[in-house]
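Below: one structure, written as structure tokens.
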Amino acid sequence: MMEHAPSLTRSDDSARESDSNSTGAHTPFDRSPFAYGQTYTIPPPGMDIIAALPQRVGTPQPSQFRAVLPDIMDPETAANVHIRTVCCIGAGYVGGPTAAVIALHNPHIRVIVVDRDQKRIDAWRGRHLPIHEPGLEDVVRLARDGGAEWYRSKSENEPGSTSDEVEAARQPNLFFSTACVETIKEADMCLISVNTPTKKRGVGAGRATDMAAFEGACRDVAMNAKPGCVLVEKSTVPCKTGQLMKDIMEAHRPGVVFPVLSNPEFLSEGTAVRDLMQPDRVVIGCESTISGHRAAAALANLYAAWVPRERIAPINIWSSELCKLAANAMLAQRISSINSISAICERTGADVGEIAKSVGMDPRIGPQFLKAGLGFGGSCFRKDIASLTYLSESLGLPEVAAYWQQVLTMNDFQRDRFARNVIATLNNSLRGKKITILGYAFKKNTGDARESPALDVIRILLEEGPKSIAIFDPLCSESDIQRELSVLEQDFAVCTPAGPVEVLSDPYAACADSNAILVLTDWDMFKVTPQQTAPTKLLSPAESYDGTTPSDILRITSNFDQQTSITKPPTPPRTPKMSPLPANLQRRLLPEPACPPECAECQTSLTGHGQNDKDILTPLVWADISKIIREPRLVFDGRGVLDPRAMVGMGFRLETLGRASLY
Ligand SMILES: NC(=O)C1=CN([C@@H]2O[C@H](COP(=O)(O)OP(=O)(O)OC[C@H]3O[C@@H](n4cnc5c(N)ncnc54)[C@H](O)[C@@H]3O)[C@@H](O)[C@H]2O)C=CC1
Ligand SMILES: O=C(O)[C@H]1O[C@H](OP(=O)(O)OP(=O)(O)OC[C@H]2O[C@@H](n3ccc(=O)[nH]c3=O)[C@H](O)[C@@H]2O)[C@H](O)[C@@H](O)[C@@H]1O
């Protein structure tokens with residue numbers, strides 16, 4: 001292995017490395033971006049700011065070394081750093097899919113994903129992947145399990161030809177392991193994609209980034225990596241974290257060069273595979289040193305296996321770190337902007353959907369991220385804006401911090417006023433009342449229950465002491481939802497047997513006898529289609545449906561005056577499974593034996609072998625729901641997914657964020 005190690009030492013670059021003097025500080029917030037042992041004087045008006053930056057004695061000016069630096073996009077430059085083994089640290093929503101797509105497109109490279117969480121690693125190795133992402137299963141299977149040899153008739157490509165040609169079997173090149181240290185020792189490149197949440201306590205609590213996991217991963221690398229191993233920040237980190245990494249490496253391995261790159265990830269959950277397969281851009285931030293450029297070229301080369309080179313953007317490392325925070329902040333800012341307008345709409349009779357449409361038709365603005373609703377959730381927007389706010393404050397820019405803080409304030413305002421409207425509409429009391437929550441995930445097509453807007457809504461509702469809160473989500477598991485809700489346990493009994501909150505796997509059971517239904521996720525299955533406006537056949541309990549599985553029939557026994565039994569609509573025929581792989585790769589997938597009948601995951605998990613992504617989209621029959629909820633059939637649409645006319649036509653009273661009430 002060692003013979004293939006990237007053979008960079010400090011002497012290669014000593015004249016040109018732009019490392020700064022370390023202050024030994026532990027987070028980039030502890031120091032000004034210009035500090036690192038130097039002072040910076042604000043230049044007089046009109047003076048070139050770059051020219052005013054302090055220069056280290058003996059450090060060549062950028063203009064001096066630019067000419068001798070190799071071109072990052074030149075494949076020959078990449079050839080200077082031999083990448084045979086990539087270690088991806090962190091097998092989460094980013095690490096797993098990213099590693100899988102890199103491995104798929106670079107069959108000659110071994111990609112090993114490591115994590116300390118044994119359960120997660122076991123799941124990645126098994127048939128039920130730990131995360132649900134459309135198309136992910138096929139990508140993982142081909143890279144992890146290898147592909148069958150394939151006899152391709154030449155006539156497929158050359159009509160008239162009769163001879164066959166063989167595509168060799170594909171060897172597995174994606175591995176999952178808990179052996180972090182051993183894998184780091186082998187790696188030529190380490191992608192760090194561990195979690196970087198907001199600090200919960202201590203200095204900067206609630207805003208600063210908790211770098212503990214990231215620093216831990218860096219220390220593991222520092223103590224074990226081969227000299228010259230390329231370190232890649234994939235996690236979203238505060239600007240100047242690259243310096244922190246260099247400081248950690250220098251502390252443990254003085255004098256050894258470890259090039260540091262920033263390669264932020266822009267994928268969205270629910271579309272991760274598509275985003276990775278067809279990225280808008282791949283940003284690679286590097287230092288202006290020979291080792292930095294060579295390392296960046298090597299990473300660019302991995303991506304160039306499937307991403308057009310013009311979409312790979314080599315930039316300054318600090319710009320790269322900051323552009324990730326800026327991108328998330330600006331996307332979130334659009335959501336808060338349209339949500340602020342939605343509040344005005346409700347008081348004026350304007351319709352926020354119409355406004356978003358007309359505003360978005362201006363090509364300078366564009367239609368995306370203008371969907372009003374409960375505001376943004378998920379594990380990233382809030383923490384990244386908090387991080388940007390904290391960074392701004394640390395840099396002595398309170399006005400900038402206040403500007404971005406307002407995006408978060410507006411987000412909180414939105415879910416707060418939504419929940420308060422529910423309470424007000426129910427006569428300011430939830431005592432003895434049942435509330436149904438349809439959708440817990442922070443957005444559709446993901447089973448990620450983290451940082452859901454639903455949590456804030458539930459917290460406010462619980463203050464009113466409802467009789468019960470029934471939650472249904474097609475993909476979030478009961479255990480994940482309960483884990484998220486457990487943060488409320490200090491104030492309320494929540495999911496305990498005596499607690500009011502229950503997670504149900506059947507939407508009709510969740511809605512039965514409810515005083516109000518709250519739609520909190522934009523799942524397609526909640527949308528109203530013509531099919532959903534027609535009730536399915538209602539059966540009396542006596543003539544109930546003789547289906548074979550309990551979930552095919554729902555008998556709702558409520559304290560309604562009449563007992564009703566309702567059949568669910570027939571399950572639509574299974575649609576062919578969506579695969580991101582081209583046909584020639586799909587047919588090389590190795591057959592997977594079925595799980596044993598007692599496989600617990602098969603009963604509960606919606607991910608894994610054979611799972612059809614469209615199975616989770618079986619539409620809800622609102623006409624049936626109108627018969628099982630209490631008068632006045634209140635529905636609160638927090639995501640703007642329900643058609644007002646259709647809902648009112650079915651007898652519902654509908655309240656939608658950003659629209660005047662309809663009933
Ligand atoms: N979730 C998303 O859609 C996106 C997340 N990001 C960023 O990517 C980073 C990772 O996010 P997720 O994948 O969502 O996090 P995650 O929480 O799903 O996964 C992180 C994994 O890292 C593991 N880990 C932590 N420290 C470790 C160590 N020292 N050694 C080995 N494993 C370790 C944890 O056990 C966990 O499984 C974060 O910085 C996030 O901001 C960026 C773009 C999209
Ligand atoms: O850094 C990250 O983690 C990622 O964060 C977001 O991706 P994600 O959070 O997965 O999902 P989004 O589609 O951005 O939605 C975020 C939240 O905003 C809400 N949203 C989105 C769009 C909109 O118009 N309105 C709206 O309320 C969604 O419902 C969801 O709660 C970004 O879109 C990704 O580019 C980024 O990589």
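Following the order of the structure tokens, first chain is A, next is B, and so on, with residues numbered from 1 inside each chain and ligands from 1 in the order they appear.
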
Exercise for review: Could you please extract the residues within 6 Å of ligand 1, counting only C-alpha atoms and all ligand atoms, and hand them back as a PyMOL selection string?
Suggested key: chain A and resi 89-95+114-117+193-196+213+216-217+235-236+265-269+380

Check your understanding: Please, which residues have at least one atom within 8 Å of an atom of ligand 2, using only C-alpha atoms and all ligand atoms, listed as a ChimeraX atom specification?
Key -> /A:236,265-270,324,327-328,331-332,334-335,368-381,384,442-444,452-453,521-522,639

Any chance you can output those residues with N, CA and C atoms as an mmCIF file, in the first residue's frame?
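Final output, saved to selection07.cif:
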```cif
data_model
loop_
_atom_site.group_PDB
_atom_site.id
_atom_site.type_symbol
_atom_site.label_atom_id
_atom_site.label_comp_id
_atom_site.auth_asym_id
_atom_site.auth_seq_id
_atom_site.Cartn_x
_atom_site.Cartn_y
_atom_site.Cartn_z
ATOM 1 N N THR A 236 -20.470 20.432 6.573
ATOM 2 C CA THR A 236 -20.631 21.881 6.519
ATOM 3 C C THR A 236 -19.984 22.463 7.776
ATOM 4 N N GLU A 265 -21.014 19.804 0.331
ATOM 5 C CA GLU A 265 -22.029 18.995 -0.355
ATOM 6 C C GLU A 265 -23.337 19.787 -0.434
ATOM 7 N N PHE A 266 -23.945 19.779 -1.619
ATOM 8 C CA PHE A 266 -25.170 20.560 -1.812
ATOM 9 C C PHE A 266 -26.411 19.688 -2.006
ATOM 10 N N LEU A 267 -26.291 18.392 -1.754
ATOM 11 C CA LEU A 267 -27.456 17.531 -2.003
ATOM 12 C C LEU A 267 -28.598 17.877 -1.049
ATOM 13 N N SER A 268 -29.811 17.584 -1.506
ATOM 14 C CA SER A 268 -30.982 17.729 -0.641
ATOM 15 C C SER A 268 -31.507 16.344 -0.324
ATOM 16 N N GLU A 269 -32.035 16.186 0.862
ATOM 17 C CA GLU A 269 -32.609 14.891 1.212
ATOM 18 C C GLU A 269 -33.851 14.642 0.365
ATOM 19 N N GLY A 270 -34.053 13.387 0.002
ATOM 20 C CA GLY A 270 -35.196 13.035 -0.852
ATOM 21 C C GLY A 270 -34.815 13.027 -2.322
ATOM 22 N N LYS A 324 -20.910 27.451 1.130
ATOM 23 C CA LYS A 324 -21.914 26.473 1.562
ATOM 24 C C LYS A 324 -22.888 27.125 2.547
ATOM 25 N N ALA A 327 -25.033 29.592 0.601
ATOM 26 C CA ALA A 327 -26.076 28.975 -0.237
ATOM 27 C C ALA A 327 -27.268 28.577 0.624
ATOM 28 N N ASN A 328 -27.003 27.911 1.749
ATOM 29 C CA ASN A 328 -28.119 27.497 2.606
ATOM 30 C C ASN A 328 -28.841 28.702 3.191
ATOM 31 N N LEU A 331 -31.079 30.247 0.473
ATOM 32 C CA LEU A 331 -32.277 29.439 0.198
ATOM 33 C C LEU A 331 -33.291 29.632 1.322
ATOM 34 N N ALA A 332 -32.801 29.578 2.558
ATOM 35 C CA ALA A 332 -33.695 29.740 3.705
ATOM 36 C C ALA A 332 -34.297 31.145 3.728
ATOM 37 N N ARG A 334 -35.125 32.960 1.228
ATOM 38 C CA ARG A 334 -36.260 33.043 0.293
ATOM 39 C C ARG A 334 -37.524 32.498 0.948
ATOM 40 N N ILE A 335 -37.342 31.383 1.700
ATOM 41 C CA ILE A 335 -38.519 30.786 2.355
ATOM 42 C C ILE A 335 -39.076 31.759 3.391
ATOM 43 N N GLN A 368 -38.143 28.739 -7.635
ATOM 44 C CA GLN A 368 -37.846 27.765 -6.584
ATOM 45 C C GLN A 368 -37.720 28.408 -5.200
ATOM 46 N N PHE A 369 -38.022 27.589 -4.202
ATOM 47 C CA PHE A 369 -37.915 28.006 -2.791
ATOM 48 C C PHE A 369 -38.794 29.205 -2.472
ATOM 49 N N LEU A 370 -39.964 29.215 -3.087
ATOM 50 C CA LEU A 370 -40.954 30.254 -2.783
ATOM 51 C C LEU A 370 -42.241 29.617 -2.281
ATOM 52 N N LYS A 371 -42.149 28.415 -1.767
ATOM 53 C CA LYS A 371 -43.351 27.746 -1.277
ATOM 54 C C LYS A 371 -43.561 28.145 0.179
ATOM 55 N N ALA A 372 -44.667 28.857 0.391
ATOM 56 C CA ALA A 372 -44.947 29.293 1.769
ATOM 57 C C ALA A 372 -45.455 28.117 2.586
ATOM 58 N N GLY A 373 -45.289 28.192 3.873
ATOM 59 C CA GLY A 373 -45.778 27.118 4.733
ATOM 60 C C GLY A 373 -45.233 27.275 6.134
ATOM 61 N N LEU A 374 -45.042 26.130 6.772
ATOM 62 C CA LEU A 374 -44.593 26.130 8.160
ATOM 63 C C LEU A 374 -43.155 26.582 8.334
ATOM 64 N N GLY A 375 -42.474 26.783 7.225
ATOM 65 C CA GLY A 375 -41.075 27.197 7.319
ATOM 66 C C GLY A 375 -40.155 26.005 7.162
ATOM 67 N N PHE A 376 -38.876 26.320 7.123
ATOM 68 C CA PHE A 376 -37.924 25.248 6.861
ATOM 69 C C PHE A 376 -37.612 24.455 8.116
ATOM 70 N N GLY A 377 -37.489 23.138 7.915
ATOM 71 C CA GLY A 377 -37.004 22.268 8.972
ATOM 72 C C GLY A 377 -35.777 21.559 8.453
ATOM 73 N N GLY A 378 -35.466 20.422 9.050
ATOM 74 C CA GLY A 378 -34.298 19.664 8.604
ATOM 75 C C GLY A 378 -33.076 19.996 9.426
ATOM 76 N N SER A 379 -32.059 19.180 9.227
ATOM 77 C CA SER A 379 -30.905 19.267 10.116
ATOM 78 C C SER A 379 -29.942 20.382 9.736
ATOM 79 N N CYS A 380 -30.176 21.084 8.632
ATOM 80 C CA CYS A 380 -29.118 21.993 8.170
ATOM 81 C C CYS A 380 -29.435 23.492 8.136
ATOM 82 N N PHE A 381 -30.585 23.896 7.584
ATOM 83 C CA PHE A 381 -30.796 25.337 7.395
ATOM 84 C C PHE A 381 -30.643 26.105 8.709
ATOM 85 N N ASP A 384 -27.048 26.054 10.038
ATOM 86 C CA ASP A 384 -26.079 26.770 9.204
ATOM 87 C C ASP A 384 -26.286 28.282 9.302
ATOM 88 N N PHE A 442 -39.572 16.495 7.821
ATOM 89 C CA PHE A 442 -39.440 17.936 7.575
ATOM 90 C C PHE A 442 -39.739 18.297 6.123
ATOM 91 N N LYS A 443 -39.773 17.283 5.254
ATOM 92 C CA LYS A 443 -40.171 17.481 3.860
ATOM 93 C C LYS A 443 -40.547 16.120 3.299
ATOM 94 N N LYS A 444 -41.158 16.116 2.123
ATOM 95 C CA LYS A 444 -41.574 14.833 1.562
ATOM 96 C C LYS A 444 -40.370 14.010 1.086
ATOM 97 N N SER A 452 -37.874 18.615 12.755
ATOM 98 C CA SER A 452 -39.110 18.799 11.999
ATOM 99 C C SER A 452 -39.898 19.985 12.550
ATOM 100 N N PRO A 453 -40.524 20.778 11.669
ATOM 101 C CA PRO A 453 -41.412 21.838 12.170
ATOM 102 C C PRO A 453 -42.522 21.260 13.043
ATOM 103 N N THR A 521 -46.506 17.973 6.493
ATOM 104 C CA THR A 521 -45.480 17.625 5.504
ATOM 105 C C THR A 521 -46.136 17.612 4.132
ATOM 106 N N ASP A 522 -45.374 17.984 3.117
ATOM 107 C CA ASP A 522 -45.941 18.099 1.769
ATOM 108 C C ASP A 522 -45.942 16.776 0.998
ATOM 109 N N ARG A 639 -48.798 23.292 4.636
ATOM 110 C CA ARG A 639 -47.856 23.157 3.523
ATOM 111 C C ARG A 639 -48.439 23.555 2.175
#
```

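Minimum distance to A:Ala298 across A:Lys627, A:Arg415, A:Arg274, A:His82 (counting only C-alpha atoms) occurs at A:His82.
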
Check your understanding: Could you pull the residues within 6 Å of A:Val519, counting only C-alpha atoms, minus those fewer than 6 positions along the same chain, as a list in words?
Key ->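 The residues that qualify are Leu438, Asp637 and Gly638 of chain A.
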
Would you output that residue set with C-alpha atoms, as a compact mmCIF listing (two decimals), in the first residue's frame?
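again01.txt, written as the output of this step:
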```
# COMPACT_ATOMS: atom_id res chain seq x y z
CA LEU A 438 -50.43 14.09 9.00
CA ASP A 637 -52.89 22.94 5.83
CA GLY A 638 -49.40 23.97 6.88
```

Exercise for review: Using only C-alpha atoms, find the one residue out of A:Ile517, A:Val140, A:Leu104, A:Val407 that sits nearest to A:Pro632.
Suggested key: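 Closest to A:Pro632, using only C-alpha atoms: A:Ile517.
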
Review point. So which residues of stretch 180-391 of chain A fall under alpha helix (DSSP H) by DSSP, listed as a PyMOL selection string?
Key: chain A and resi 180-186+212-224+241-252+272-277+290-303+317-348+352-360+381-391

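Close contacts of A:Asp275, defined as residues with an atom at most 12 Å away when counting only C-alpha atoms, with chain neighbours fewer than 2 positions off set aside, comprise Val94, Pro97, Thr98, Val101, Glu133, Pro134, Gly135, Leu136, Glu265, Phe266, Leu267, Ser268, Glu269, Gly270, Thr271, Ala272, Val273, Met277, Gln278, Pro279, Asp280, Arg281, Val282, Val307 and Pro580 of chain A.
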
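Note that atom CA of A:Pro254 and atom CA of A:Ile315 are 26.8 Å apart.
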
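By chain and then residue number, the residues within 10 Å of A:Ala304 are Met73, Pro75, His105, Asn106, Val282, Ala297, Ala298, Leu299, Ala300, Pro308, Arg309, Glu310, Arg311 and Ile312 of chain A, counting only C-alpha atoms and disregarding those fewer than 4 positions away in sequence.
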
Surrounding residues of stretch 469-482 of chain A excluding itself and chain neighbours under 6 positions, 10 Å, only C-alpha atoms, as a PDB file with C-alpha atoms, in the first residue's frame:
```pdb
ATOM      1  CA  HIS A 132     -34.382   6.179   2.456  1.00  0.00           C
ATOM      2  CA  LYS A 433     -59.910  17.093  22.011  1.00  0.00           C
ATOM      3  CA  LYS A 434     -58.016  14.900  19.595  1.00  0.00           C
ATOM      4  CA  ILE A 435     -55.608  16.455  17.105  1.00  0.00           C
ATOM      5  CA  THR A 436     -54.268  14.538  14.110  1.00  0.00           C
ATOM      6  CA  ILE A 437     -50.926  15.285  12.559  1.00  0.00           C
ATOM      7  CA  LEU A 438     -50.432  14.091   9.004  1.00  0.00           C
ATOM      8  CA  GLY A 439     -46.736  14.149   8.177  1.00  0.00           C
ATOM      9  CA  TYR A 440     -43.847  14.387  10.590  1.00  0.00           C
ATOM     10  CA  ALA A 441     -40.859  14.464   8.202  1.00  0.00           C
ATOM     11  CA  PHE A 442     -39.440  17.936   7.575  1.00  0.00           C
ATOM     12  CA  LYS A 444     -41.574  14.833   1.562  1.00  0.00           C
ATOM     13  CA  ASN A 445     -39.645  11.777   0.336  1.00  0.00           C
ATOM     14  CA  THR A 446     -37.436  11.476   3.378  1.00  0.00           C
ATOM     15  CA  GLY A 447     -37.729   9.497   6.574  1.00  0.00           C
ATOM     16  CA  ASP A 448     -35.482  11.955   8.386  1.00  0.00           C
ATOM     17  CA  ALA A 449     -37.324  13.000  11.533  1.00  0.00           C
ATOM     18  CA  ARG A 450     -34.676  15.479  12.724  1.00  0.00           C
ATOM     19  CA  SER A 452     -39.110  18.799  11.999  1.00  0.00           C
ATOM     20  CA  ALA A 454     -43.940  19.364  13.588  1.00  0.00           C
ATOM     21  CA  LEU A 455     -41.971  19.258  16.839  1.00  0.00           C
ATOM     22  CA  ILE A 458     -46.632  19.757  18.937  1.00  0.00           C
ATOM     23  CA  LEU A 461     -50.311  22.201  21.280  1.00  0.00           C
ATOM     24  CA  LEU A 462     -49.221  20.185  24.322  1.00  0.00           C
ATOM     25  CA  VAL A 494     -45.507  12.691  25.688  1.00  0.00           C
ATOM     26  CA  CYS A 495     -45.265   9.157  24.328  1.00  0.00           C
ATOM     27  CA  THR A 496     -45.457   7.303  27.632  1.00  0.00           C
ATOM     28  CA  GLY A 499     -49.013  10.451  27.511  1.00  0.00           C
ATOM     29  CA  PRO A 500     -51.276  11.973  24.880  1.00  0.00           C
ATOM     30  CA  VAL A 501     -49.065  11.399  21.822  1.00  0.00           C
ATOM     31  CA  GLU A 502     -49.401   8.298  19.718  1.00  0.00           C
ATOM     32  CA  VAL A 503     -47.648   7.423  16.451  1.00  0.00           C
ATOM     33  CA  LEU A 504     -49.841   5.381  14.134  1.00  0.00           C
ATOM     34  CA  SER A 505     -49.023   3.565  10.940  1.00  0.00           C
ATOM     35  CA  ASP A 506     -52.477   4.023   9.488  1.00  0.00           C
ATOM     36  CA  PRO A 507     -53.627   7.498   8.444  1.00  0.00           C
ATOM     37  CA  TYR A 508     -57.306   6.652   8.751  1.00  0.00           C
ATOM     38  CA  ALA A 509     -56.914   5.444  12.303  1.00  0.00           C
ATOM     39  CA  ALA A 510     -55.000   8.639  13.047  1.00  0.00           C
ATOM     40  CA  CYS A 511     -57.851  10.752  11.649  1.00  0.00           C
ATOM     41  CA  ALA A 512     -60.759   8.849  13.197  1.00  0.00           C
ATOM     42  CA  SER A 514     -60.380  13.831  15.370  1.00  0.00           C
ATOM     43  CA  ALA A 516     -58.756  18.809  13.712  1.00  0.00           C
ATOM     44  CA  ILE A 517     -56.319  17.477  11.144  1.00  0.00           C
ATOM     45  CA  LEU A 518     -53.020  19.291  10.653  1.00  0.00           C
ATOM     46  CA  VAL A 519     -51.072  18.637   7.447  1.00  0.00           C
ATOM     47  CA  LEU A 520     -47.439  19.307   8.324  1.00  0.00           C
ATOM     48  CA  THR A 521     -45.480  17.625   5.504  1.00  0.00           C
ATOM     49  CA  TRP A 523     -46.234  14.370   1.024  1.00  0.00           C
ATOM     50  CA  MET A 525     -50.123  11.181  -0.823  1.00  0.00           C
ATOM     51  CA  THR A 604     -41.234  -2.100   9.817  1.00  0.00           C
ATOM     52  CA  SER A 605     -38.770  -0.675   7.343  1.00  0.00           C
ATOM     53  CA  LEU A 606     -39.854   1.097   4.217  1.00  0.00           C
ATOM     54  CA  THR A 607     -36.365   0.974   2.796  1.00  0.00           C
ATOM     55  CA  ASP A 615     -45.460   2.588  -2.605  1.00  0.00           C
ATOM     56  CA  ILE A 616     -45.370   5.435  -0.148  1.00  0.00           C
ATOM     57  CA  LEU A 617     -47.479   7.559  -2.440  1.00  0.00           C
ATOM     58  CA  THR A 618     -50.803   5.716  -2.249  1.00  0.00           C
TER      59      THR A 618
END
```

Review point. Residues at most 12 Å from A:Gly206, counting only C-alpha atoms, excluding those fewer than 6 positions away in the same chain, as a ChimeraX atom specification?
Key: /A:197-200,382-387,389-390,405

Review point. For the atom pair atom CA of A:Pro259 and atom CA of A:Ala212, what is the interatomic distance in Å to one decimal place?
Key: 21.4 Å

**Study point:** stretch 259-301 of chain A: residues DSSP assigns to strand (DSSP E), reported as a ChimeraX atom specification
**Key:** /A:260-262,282-286

Write the selection just made, keeping N, CA and C atoms, as a PDB file, in the first residue's frame?
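Contents of out.pdb, freshly written:
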```pdb
ATOM      1  N   VAL A 260      -5.242  20.078   2.538  1.00  0.00           N
ATOM      2  CA  VAL A 260      -6.622  20.186   3.023  1.00  0.00           C
ATOM      3  C   VAL A 260      -7.483  20.809   1.929  1.00  0.00           C
ATOM      4  N   LEU A 261      -8.591  20.151   1.632  1.00  0.00           N
ATOM      5  CA  LEU A 261      -9.524  20.685   0.628  1.00  0.00           C
ATOM      6  C   LEU A 261     -10.882  20.896   1.280  1.00  0.00           C
ATOM      7  N   SER A 262     -11.620  21.833   0.727  1.00  0.00           N
ATOM      8  CA  SER A 262     -13.014  21.990   1.127  1.00  0.00           C
ATOM      9  C   SER A 262     -13.866  21.594  -0.073  1.00  0.00           C
ATOM     10  N   VAL A 282     -19.738  21.278  -8.588  1.00  0.00           N
ATOM     11  CA  VAL A 282     -18.918  20.640  -7.557  1.00  0.00           C
ATOM     12  C   VAL A 282     -17.870  21.681  -7.181  1.00  0.00           C
ATOM     13  N   VAL A 283     -17.945  22.151  -5.944  1.00  0.00           N
ATOM     14  CA  VAL A 283     -17.009  23.193  -5.519  1.00  0.00           C
ATOM     15  C   VAL A 283     -15.822  22.530  -4.817  1.00  0.00           C
ATOM     16  N   ILE A 284     -14.644  22.868  -5.257  1.00  0.00           N
ATOM     17  CA  ILE A 284     -13.436  22.340  -4.602  1.00  0.00           C
ATOM     18  C   ILE A 284     -12.579  23.520  -4.179  1.00  0.00           C
ATOM     19  N   GLY A 285     -12.474  23.708  -2.880  1.00  0.00           N
ATOM     20  CA  GLY A 285     -11.657  24.809  -2.360  1.00  0.00           C
ATOM     21  C   GLY A 285     -10.285  24.292  -1.976  1.00  0.00           C
ATOM     22  N   CYS A 286      -9.268  24.992  -2.423  1.00  0.00           N
ATOM     23  CA  CYS A 286      -7.917  24.538  -2.072  1.00  0.00           C
ATOM     24  C   CYS A 286      -7.029  25.742  -1.813  1.00  0.00           C
TER      25      CYS A 286
END
```

Check your understanding: How many Å lie between atom CA of A:Ala295 and atom CA of A:Val86, rounded to one decimal?
Key -> 12.9 Å
